[in-house]
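Raw contents of protein_3.pdb, PDB, C-alpha atoms, pLDDT in the B column:
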ATOM      1  CA  ASP A 284     110.420  11.705  93.708  1.00 73.00           C
ATOM      2  CA  GLN A 285     111.147  14.298  96.358  1.00 85.00           C
ATOM      3  CA  GLN A 286     111.947  12.509  99.619  1.00 93.00           C
ATOM      4  CA  VAL A 287     112.338  15.747 101.572  1.00 95.00           C
ATOM      5  CA  LYS A 288     109.698  18.367 100.913  1.00 96.00           C
ATOM      6  CA  GLN A 289     109.568  21.999 101.852  1.00 96.00           C
ATOM      7  CA  ASN A 290     106.235  23.155 100.536  1.00 92.00           C
ATOM      8  CA  SER A 291     106.690  26.853 101.221  1.00 94.00           C
ATOM      9  CA  PRO A 292     109.129  28.441  98.749  1.00 94.00           C
ATOM     10  CA  SER A 293     109.074  31.647 100.787  1.00 96.00           C
ATOM     11  CA  LEU A 294     107.969  32.973 104.143  1.00 97.00           C
ATOM     12  CA  SER A 295     107.741  36.547 105.350  1.00 97.00           C
ATOM     13  CA  VAL A 296     107.851  37.271 109.093  1.00 98.00           C
ATOM     14  CA  GLN A 297     107.996  40.477 111.062  1.00 97.00           C
ATOM     15  CA  GLU A 298     111.120  41.149 113.105  1.00 97.00           C
ATOM     16  CA  GLY A 299     110.726  39.964 116.688  1.00 97.00           C
ATOM     17  CA  ARG A 300     108.044  37.418 115.842  1.00 97.00           C
ATOM     18  CA  ILE A 301     108.414  33.663 115.562  1.00 98.00           C
ATOM     19  CA  SER A 302     109.427  32.091 112.250  1.00 98.00           C
ATOM     20  CA  ILE A 303     108.258  28.529 111.640  1.00 98.00           C
ATOM     21  CA  LEU A 304     109.697  26.600 108.738  1.00 98.00           C
ATOM     22  CA  ASN A 305     108.222  23.231 107.883  1.00 98.00           C
ATOM     23  CA  CYS A 306     109.590  20.102 106.296  1.00 98.00           C
ATOM     24  CA  ASP A 307     108.058  16.733 105.445  1.00 97.00           C
ATOM     25  CA  TYR A 308     109.841  13.545 104.500  1.00 97.00           C
ATOM     26  CA  THR A 309     108.833  10.194 103.065  1.00 95.00           C
ATOM     27  CA  ASN A 310     111.804   7.883 103.687  1.00 92.00           C
ATOM     28  CA  SER A 311     111.446   6.041 107.001  1.00 92.00           C
ATOM     29  CA  MET A 312     115.160   5.100 106.840  1.00 90.00           C
ATOM     30  CA  PHE A 313     116.187   8.661 107.631  1.00 91.00           C
ATOM     31  CA  ASP A 314     117.711   8.786 111.123  1.00 88.00           C
ATOM     32  CA  TYR A 315     119.097  12.317 111.315  1.00 91.00           C
ATOM     33  CA  PHE A 316     117.602  15.598 110.237  1.00 94.00           C
ATOM     34  CA  LEU A 317     119.379  18.870 109.753  1.00 95.00           C
ATOM     35  CA  TRP A 318     118.693  22.461 108.880  1.00 97.00           C
ATOM     36  CA  TYR A 319     121.120  24.457 106.785  1.00 96.00           C
ATOM     37  CA  LYS A 320     121.048  28.192 106.190  1.00 97.00           C
ATOM     38  CA  LYS A 321     122.250  29.759 102.961  1.00 95.00           C
ATOM     39  CA  TYR A 322     123.018  33.370 102.120  1.00 94.00           C
ATOM     40  CA  PRO A 323     123.408  34.469  98.480  1.00 90.00           C
ATOM     41  CA  ALA A 324     126.826  33.681  96.980  1.00 85.00           C
ATOM     42  CA  GLU A 325     127.740  31.490  99.955  1.00 91.00           C
ATOM     43  CA  GLY A 326     127.609  27.779 100.610  1.00 93.00           C
ATOM     44  CA  PRO A 327     125.036  26.319 103.010  1.00 94.00           C
ATOM     45  CA  THR A 328     126.017  26.490 106.675  1.00 94.00           C
ATOM     46  CA  PHE A 329     124.889  24.044 109.311  1.00 93.00           C
ATOM     47  CA  LEU A 330     122.336  25.420 111.746  1.00 95.00           C
ATOM     48  CA  ILE A 331     120.881  22.672 113.912  1.00 95.00           C
ATOM     49  CA  SER A 332     120.158  18.959 113.782  1.00 93.00           C
ATOM     50  CA  ILE A 333     118.039  16.346 115.478  1.00 94.00           C
ATOM     51  CA  SER A 334     118.339  12.606 115.820  1.00 92.00           C
ATOM     52  CA  SER A 335     115.311  10.476 115.047  1.00 91.00           C
ATOM     53  CA  ILE A 336     115.294   9.250 118.648  1.00 92.00           C
ATOM     54  CA  LYS A 337     114.479  12.746 119.892  1.00 94.00           C
ATOM     55  CA  ASP A 338     111.509  15.003 119.349  1.00 95.00           C
ATOM     56  CA  LYS A 339     113.087  18.349 120.169  1.00 97.00           C
ATOM     57  CA  ASN A 340     116.463  20.018 120.046  1.00 96.00           C
ATOM     58  CA  GLU A 341     117.119  23.585 121.097  1.00 96.00           C
ATOM     59  CA  ASP A 342     120.064  25.865 120.449  1.00 95.00           C
ATOM     60  CA  GLY A 343     119.610  29.481 121.443  1.00 97.00           C
ATOM     61  CA  ARG A 344     116.911  31.073 119.314  1.00 97.00           C
ATOM     62  CA  PHE A 345     116.587  27.937 117.181  1.00 98.00           C
ATOM     63  CA  THR A 346     114.494  24.908 118.040  1.00 98.00           C
ATOM     64  CA  VAL A 347     113.814  21.920 115.833  1.00 98.00           C
ATOM     65  CA  PHE A 348     110.816  19.687 116.459  1.00 98.00           C
ATOM     66  CA  LEU A 349     110.445  16.204 115.016  1.00 97.00           C
ATOM     67  CA  ASN A 350     107.172  14.298 114.703  1.00 97.00           C
ATOM     68  CA  LYS A 351     108.175  10.850 113.473  1.00 95.00           C
ATOM     69  CA  SER A 352     104.664   9.488 113.166  1.00 95.00           C
ATOM     70  CA  ALA A 353     103.743  12.358 110.868  1.00 96.00           C
ATOM     71  CA  LYS A 354     107.177  12.362 109.170  1.00 96.00           C
ATOM     72  CA  HIS A 355     107.326  16.074 109.801  1.00 97.00           C
ATOM     73  CA  LEU A 356     109.851  18.435 111.282  1.00 97.00           C
ATOM     74  CA  SER A 357     109.852  22.141 111.855  1.00 98.00           C
ATOM     75  CA  LEU A 358     112.362  24.835 112.679  1.00 98.00           C
ATOM     76  CA  HIS A 359     111.317  27.607 115.035  1.00 98.00           C
ATOM     77  CA  ILE A 360     113.265  30.845 115.225  1.00 98.00           C
ATOM     78  CA  VAL A 361     112.319  33.178 118.022  1.00 97.00           C
ATOM     79  CA  PRO A 362     112.684  36.075 118.090  1.00 97.00           C
ATOM     80  CA  SER A 363     113.331  36.511 114.371  1.00 98.00           C
ATOM     81  CA  GLN A 364     116.090  38.974 113.462  1.00 97.00           C
ATOM     82  CA  PRO A 365     116.942  40.701 110.156  1.00 96.00           C
ATOM     83  CA  GLY A 366     120.103  38.576 109.849  1.00 96.00           C
ATOM     84  CA  ASP A 367     117.917  35.486 109.739  1.00 97.00           C
ATOM     85  CA  SER A 368     116.800  36.413 106.226  1.00 97.00           C
ATOM     86  CA  ALA A 369     118.193  33.576 104.112  1.00 97.00           C
ATOM     87  CA  VAL A 370     117.223  30.362 102.367  1.00 96.00           C
ATOM     88  CA  TYR A 371     116.726  27.492 104.807  1.00 98.00           C
ATOM     89  CA  PHE A 372     117.242  23.935 103.614  1.00 96.00           C
ATOM     90  CA  CYS A 373     115.878  20.927 105.403  1.00 97.00           C
ATOM     91  CA  ALA A 374     118.091  17.851 104.973  1.00 95.00           C
ATOM     92  CA  ALA A 375     118.030  14.234 106.057  1.00 94.00           C
ATOM     93  CA  LYS A 376     120.437  11.323 106.218  1.00 90.00           C
ATOM     94  CA  GLY A 377     120.103   7.642 106.947  1.00 84.00           C
ATOM     95  CA  GLY A 378     120.550   4.067 105.853  1.00 73.00           C
ATOM     96  CA  GLY A 379     124.322   4.339 106.167  1.00 75.00           C
ATOM     97  CA  ALA A 380     124.558   6.675 103.191  1.00 78.00           C
ATOM     98  CA  ASP A 381     127.012   9.558 103.104  1.00 80.00           C
ATOM     99  CA  GLY A 382     124.844  11.862 101.125  1.00 87.00           C
ATOM    100  CA  LEU A 383     122.320  14.247 102.559  1.00 91.00           C
ATOM    101  CA  THR A 384     118.927  14.526 100.894  1.00 92.00           C
ATOM    102  CA  PHE A 385     117.894  18.150 100.722  1.00 94.00           C
ATOM    103  CA  GLY A 386     114.571  19.857 100.327  1.00 95.00           C
ATOM    104  CA  LYS A 387     114.186  22.691  97.828  1.00 94.00           C
ATOM    105  CA  GLY A 388     114.551  25.328 100.497  1.00 95.00           C
ATOM    106  CA  THR A 389     112.382  28.079 101.981  1.00 97.00           C
ATOM    107  CA  HIS A 390     113.343  31.703 101.527  1.00 97.00           C
ATOM    108  CA  LEU A 391     112.761  33.415 104.864  1.00 98.00           C
ATOM    109  CA  ILE A 392     112.343  37.180 104.749  1.00 98.00           C
ATOM    110  CA  ILE A 393     112.389  39.075 108.023  1.00 97.00           C
ATOM    111  CA  GLN A 394     110.646  42.393 107.714  1.00 96.00           C
ATOM    112  CA  PRO A 395     111.601  45.316 109.991  1.00 91.00           C
TER
ATOM    113  CA  ALA B 244     139.270  29.585 110.639  1.00 65.00           C
ATOM    114  CA  ALA B 245     140.037  27.964 107.284  1.00 78.00           C
ATOM    115  CA  GLY B 246     137.005  26.938 105.280  1.00 93.00           C
ATOM    116  CA  VAL B 247     136.387  24.713 102.288  1.00 97.00           C
ATOM    117  CA  ILE B 248     137.983  26.264  99.216  1.00 97.00           C
ATOM    118  CA  GLN B 249     136.566  25.688  95.760  1.00 98.00           C
ATOM    119  CA  SER B 250     138.001  26.739  92.443  1.00 97.00           C
ATOM    120  CA  PRO B 251     137.212  28.162  90.057  1.00 97.00           C
ATOM    121  CA  ARG B 252     134.285  30.164  91.388  1.00 96.00           C
ATOM    122  CA  HIS B 253     132.890  30.637  87.904  1.00 97.00           C
ATOM    123  CA  LEU B 254     133.420  28.635  84.729  1.00 97.00           C
ATOM    124  CA  ILE B 255     131.945  28.982  81.272  1.00 98.00           C
ATOM    125  CA  LYS B 256     132.213  26.117  78.814  1.00 97.00           C
ATOM    126  CA  GLU B 257     130.769  25.097  75.475  1.00 97.00           C
ATOM    127  CA  LYS B 258     128.709  21.959  74.903  1.00 97.00           C
ATOM    128  CA  ARG B 259     130.796  18.790  74.589  1.00 97.00           C
ATOM    129  CA  GLU B 260     133.771  20.405  76.326  1.00 97.00           C
ATOM    130  CA  THR B 261     135.387  19.190  79.544  1.00 98.00           C
ATOM    131  CA  ALA B 262     135.547  20.943  82.893  1.00 98.00           C
ATOM    132  CA  THR B 263     137.397  20.274  86.127  1.00 98.00           C
ATOM    133  CA  LEU B 264     136.409  21.636  89.512  1.00 98.00           C
ATOM    134  CA  LYS B 265     138.692  21.560  92.523  1.00 98.00           C
ATOM    135  CA  CYS B 266     137.931  21.359  96.215  1.00 98.00           C
ATOM    136  CA  TYR B 267     140.269  21.844  99.163  1.00 97.00           C
ATOM    137  CA  PRO B 268     138.688  20.601 102.409  1.00 96.00           C
ATOM    138  CA  ILE B 269     139.132  22.060 105.842  1.00 95.00           C
ATOM    139  CA  PRO B 270     142.463  20.930 107.328  1.00 93.00           C
ATOM    140  CA  ARG B 271     142.163  17.558 109.116  1.00 88.00           C
ATOM    141  CA  HIS B 272     138.938  16.732 107.299  1.00 90.00           C
ATOM    142  CA  ASP B 273     139.230  13.428 105.512  1.00 89.00           C
ATOM    143  CA  THR B 274     135.865  13.196 103.783  1.00 92.00           C
ATOM    144  CA  VAL B 275     134.767  15.210 100.786  1.00 94.00           C
ATOM    145  CA  TYR B 276     131.302  15.409  99.227  1.00 95.00           C
ATOM    146  CA  TRP B 277     130.142  16.878  95.909  1.00 97.00           C
ATOM    147  CA  TYR B 278     126.680  18.327  95.395  1.00 96.00           C
ATOM    148  CA  GLN B 279     125.015  19.793  92.290  1.00 97.00           C
ATOM    149  CA  GLN B 280     122.355  22.480  92.582  1.00 95.00           C
ATOM    150  CA  GLY B 281     120.495  23.346  89.406  1.00 93.00           C
ATOM    151  CA  PRO B 282     118.498  26.605  89.065  1.00 90.00           C
ATOM    152  CA  GLY B 283     115.601  26.551  91.533  1.00 86.00           C
ATOM    153  CA  GLN B 284     116.502  23.035  92.637  1.00 90.00           C
ATOM    154  CA  ASP B 285     117.674  21.447  95.837  1.00 91.00           C
ATOM    155  CA  PRO B 286     121.312  20.399  96.156  1.00 93.00           C
ATOM    156  CA  GLN B 287     121.695  16.868  94.811  1.00 94.00           C
ATOM    157  CA  PHE B 288     124.342  14.560  96.234  1.00 93.00           C
ATOM    158  CA  LEU B 289     126.772  13.364  93.567  1.00 96.00           C
ATOM    159  CA  ILE B 290     129.605  11.460  95.232  1.00 95.00           C
ATOM    160  CA  SER B 291     131.772  11.300  98.346  1.00 92.00           C
ATOM    161  CA  PHE B 292     135.272  10.197  99.256  1.00 93.00           C
ATOM    162  CA  TYR B 293     136.690   9.061 102.575  1.00 90.00           C
ATOM    163  CA  GLU B 294     140.438   8.644 102.968  1.00 89.00           C
ATOM    164  CA  LYS B 295     140.935   8.875  99.213  1.00 89.00           C
ATOM    165  CA  MET B 296     138.451   6.132  98.445  1.00 90.00           C
ATOM    166  CA  GLN B 297     134.968   6.540  97.058  1.00 90.00           C
ATOM    167  CA  SER B 298     132.619   6.056  99.984  1.00 87.00           C
ATOM    168  CA  ASP B 299     129.214   6.724  98.484  1.00 87.00           C
ATOM    169  CA  LYS B 300     127.660   7.516  95.144  1.00 90.00           C
ATOM    170  CA  GLY B 301     124.551   9.511  94.414  1.00 90.00           C
ATOM    171  CA  SER B 302     123.134  10.833  91.171  1.00 90.00           C
ATOM    172  CA  ILE B 303     126.442  11.403  89.420  1.00 94.00           C
ATOM    173  CA  PRO B 304     126.238  10.974  85.624  1.00 95.00           C
ATOM    174  CA  ASP B 305     128.599   8.518  83.956  1.00 95.00           C
ATOM    175  CA  ARG B 306     130.178  11.468  82.126  1.00 97.00           C
ATOM    176  CA  PHE B 307     131.445  12.741  85.462  1.00 97.00           C
ATOM    177  CA  SER B 308     134.263  11.311  87.530  1.00 96.00           C
ATOM    178  CA  ALA B 309     135.954  12.397  90.705  1.00 97.00           C
ATOM    179  CA  GLN B 310     138.828  11.488  92.924  1.00 96.00           C
ATOM    180  CA  GLN B 311     140.443  12.460  96.188  1.00 96.00           C
ATOM    181  CA  PHE B 312     144.190  12.927  96.317  1.00 95.00           C
ATOM    182  CA  SER B 313     146.810  12.199  98.973  1.00 94.00           C
ATOM    183  CA  ASP B 314     146.508  15.759 100.343  1.00 94.00           C
ATOM    184  CA  TYR B 315     142.725  15.176 100.636  1.00 94.00           C
ATOM    185  CA  HIS B 316     141.799  17.689  97.986  1.00 96.00           C
ATOM    186  CA  SER B 317     139.296  16.470  95.432  1.00 97.00           C
ATOM    187  CA  GLU B 318     138.614  17.118  91.761  1.00 98.00           C
ATOM    188  CA  LEU B 319     135.365  16.659  89.857  1.00 98.00           C
ATOM    189  CA  ASN B 320     135.896  16.023  86.162  1.00 98.00           C
ATOM    190  CA  MET B 321     132.995  16.581  83.808  1.00 98.00           C
ATOM    191  CA  SER B 322     133.191  15.547  80.162  1.00 97.00           C
ATOM    192  CA  SER B 323     130.904  15.900  77.146  1.00 97.00           C
ATOM    193  CA  LEU B 324     129.214  18.798  78.859  1.00 97.00           C
ATOM    194  CA  GLU B 325     125.519  19.329  78.250  1.00 97.00           C
ATOM    195  CA  LEU B 326     123.360  22.409  78.733  1.00 96.00           C
ATOM    196  CA  GLY B 327     121.701  20.674  81.688  1.00 96.00           C
ATOM    197  CA  ASP B 328     125.027  20.509  83.516  1.00 97.00           C
ATOM    198  CA  SER B 329     124.815  24.249  84.132  1.00 97.00           C
ATOM    199  CA  ALA B 330     124.555  24.461  87.895  1.00 97.00           C
ATOM    200  CA  LEU B 331     126.200  25.451  91.115  1.00 97.00           C
ATOM    201  CA  TYR B 332     128.548  22.718  92.293  1.00 98.00           C
ATOM    202  CA  PHE B 333     129.178  22.586  96.009  1.00 97.00           C
ATOM    203  CA  CYS B 334     131.944  20.734  97.726  1.00 97.00           C
ATOM    204  CA  ALA B 335     131.648  19.926 101.421  1.00 95.00           C
ATOM    205  CA  SER B 336     133.985  18.297 103.899  1.00 94.00           C
ATOM    206  CA  SER B 337     133.820  16.637 107.281  1.00 91.00           C
ATOM    207  CA  TYR B 338     135.971  14.706 109.716  1.00 85.00           C
ATOM    208  CA  PHE B 339     134.448  11.318 109.168  1.00 72.00           C
ATOM    209  CA  ARG B 340     134.374  10.016 112.716  1.00 52.00           C
ATOM    210  CA  LEU B 341     133.330  13.324 114.231  1.00 52.00           C
ATOM    211  CA  ASN B 342     130.406  13.677 111.861  1.00 56.00           C
ATOM    212  CA  LEU B 343     129.411  10.054 111.536  1.00 63.00           C
ATOM    213  CA  ASN B 344     126.117  10.575 113.241  1.00 64.00           C
ATOM    214  CA  THR B 345     125.380  14.284 113.068  1.00 73.00           C
ATOM    215  CA  GLY B 346     125.674  14.728 109.335  1.00 74.00           C
ATOM    216  CA  GLU B 347     127.111  18.210 109.783  1.00 85.00           C
ATOM    217  CA  LEU B 348     128.987  19.183 106.671  1.00 90.00           C
ATOM    218  CA  PHE B 349     131.043  22.261 105.984  1.00 93.00           C
ATOM    219  CA  PHE B 350     130.307  23.632 102.541  1.00 95.00           C
ATOM    220  CA  GLY B 351     132.409  25.707 100.197  1.00 96.00           C
ATOM    221  CA  GLU B 352     131.003  28.723  98.396  1.00 96.00           C
ATOM    222  CA  GLY B 353     130.404  26.717  95.245  1.00 96.00           C
ATOM    223  CA  SER B 354     131.610  26.755  91.647  1.00 97.00           C
ATOM    224  CA  ARG B 355     129.121  28.034  89.109  1.00 97.00           C
ATOM    225  CA  LEU B 356     129.352  26.214  85.798  1.00 98.00           C
ATOM    226  CA  THR B 357     127.616  27.662  82.773  1.00 97.00           C
ATOM    227  CA  VAL B 358     127.428  25.530  79.642  1.00 97.00           C
ATOM    228  CA  LEU B 359     126.650  27.427  76.433  1.00 95.00           C
TER
END

Written as structure tokens, how would this file's structure read?
Amino acid sequence: DQQVKQNSPSLSVQEGRISILNCDYTNSMFDYFLWYKKYPAEGPTFLISISSIKDKNEDGRFTVFLNKSAKHLSLHIVPSQPGDSAVYFCAAKGGGADGLTFGKGTHLIIQP
Amino acid sequence: AAGVIQSPRHLIKEKRETATLKCYPIPRHDTVYWYQQGPGQDPQFLISFYEKMQSDKGSIPDRFSAQQFSDYHSELNMSSLELGDSALYFCASSYFRLNLNTGELFFGEGSRLTVL
């Protein structure tokens, strides 16, 4: 039972345009949501997070939006750059647990 | 800056053998987490340790055990290996209080275990 779902295994976006990665979750106990970025042969690296009490968090080119009623969050990257090509994991935590629950990831490909 | 160090990076074992993975957290980090990522799968949380004590448990099989030592490094011991244990094993660390609410973890590059 996948509690964090990323329904797009891959996404191709032209350089300079906006990349939008989506994530849905089912567990209402989640209180923090995170995006991790992963390059091949490297571990995931933290990108941006959002608390469940907020609906938007912005950090440079990256913005995360949270819609609690829809149990949906999205990551916007604008403008997209070639170095953004990577696998992006959506993750969630809550209920006092240490472990993060990850989605399966979306492979973002930025085309020149 | 020092990152999370995992060893070995690659390991090949036969079925029913035993394997041990090591993780050295970022200096001053007192919490260590283990994740397993199978081919085409999302990383699955296995277990975590805070101040050398198990703090949370995820989907870790009974054949696996782990511990955190006095220098905060951690070892994941896997026995009676099965083909399905072939995966990338990530270790992550955090400074517990600093990351209590944000959930930001610092991951190592992973140890790839192949069971033949």

Q | Pairwise distance for CA of Pro251 in chain B and CA of Tyr315 in chain B, rounded to one decimal in Å | A |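 Spanning CA of Pro251 in chain B to CA of Tyr315 in chain B is a straight-line distance of 17.6 Å.
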
Q.
Taking the file as I've supplied it (selection: the PyMOL selection byres ((chain B) within 12 of (chain A))), which residues are included? Please answer as a PyMOL selection string.
A. chain B and resi 246-249+252-253+274-293+297-303+331-337+339+342-355

**Q.** Expected selection from the PyMOL selection byres ((chain A and resi 309-312) around 6), given as JSON, numbers by chain
**A.** {"A": [286, 308, 313, 377, 378]}

Q.
One number please: CA of Asp305 in chain B to CA of Thr263 in chain B, in Å, one decimal.
A. 14.8 Å

Q) Between CA of Ser291 in chain A and CA of Pro362 in chain A, what is the distance, to one decimal in Å? A)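 According to the coordinates, CA of Ser291 in chain A and CA of Pro362 in chain A are separated by 20.1 Å.
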
Test item: the PyMOL selection byres ((chain B and resi 324) around 9) resolved as a CSV table (one decimal) with C-alpha atoms, keeping the file's coordinate frame:
chain,number,residue,atom,x,y,z
B,256,LYS,CA,132.2,26.1,78.8
B,257,GLU,CA,130.8,25.1,75.5
B,258,LYS,CA,128.7,22.0,74.9
B,259,ARG,CA,130.8,18.8,74.6
B,260,GLU,CA,133.8,20.4,76.3
B,261,THR,CA,135.4,19.2,79.5
B,262,ALA,CA,135.5,20.9,82.9
B,306,ARG,CA,130.2,11.5,82.1
B,321,MET,CA,133.0,16.6,83.8
B,322,SER,CA,133.2,15.5,80.2
B,323,SER,CA,130.9,15.9,77.1
B,325,GLU,CA,125.5,19.3,78.2
B,326,LEU,CA,123.4,22.4,78.7
B,327,GLY,CA,121.7,20.7,81.7
B,328,ASP,CA,125.0,20.5,83.5
B,329,SER,CA,124.8,24.2,84.1
B,358,VAL,CA,127.4,25.5,79.6
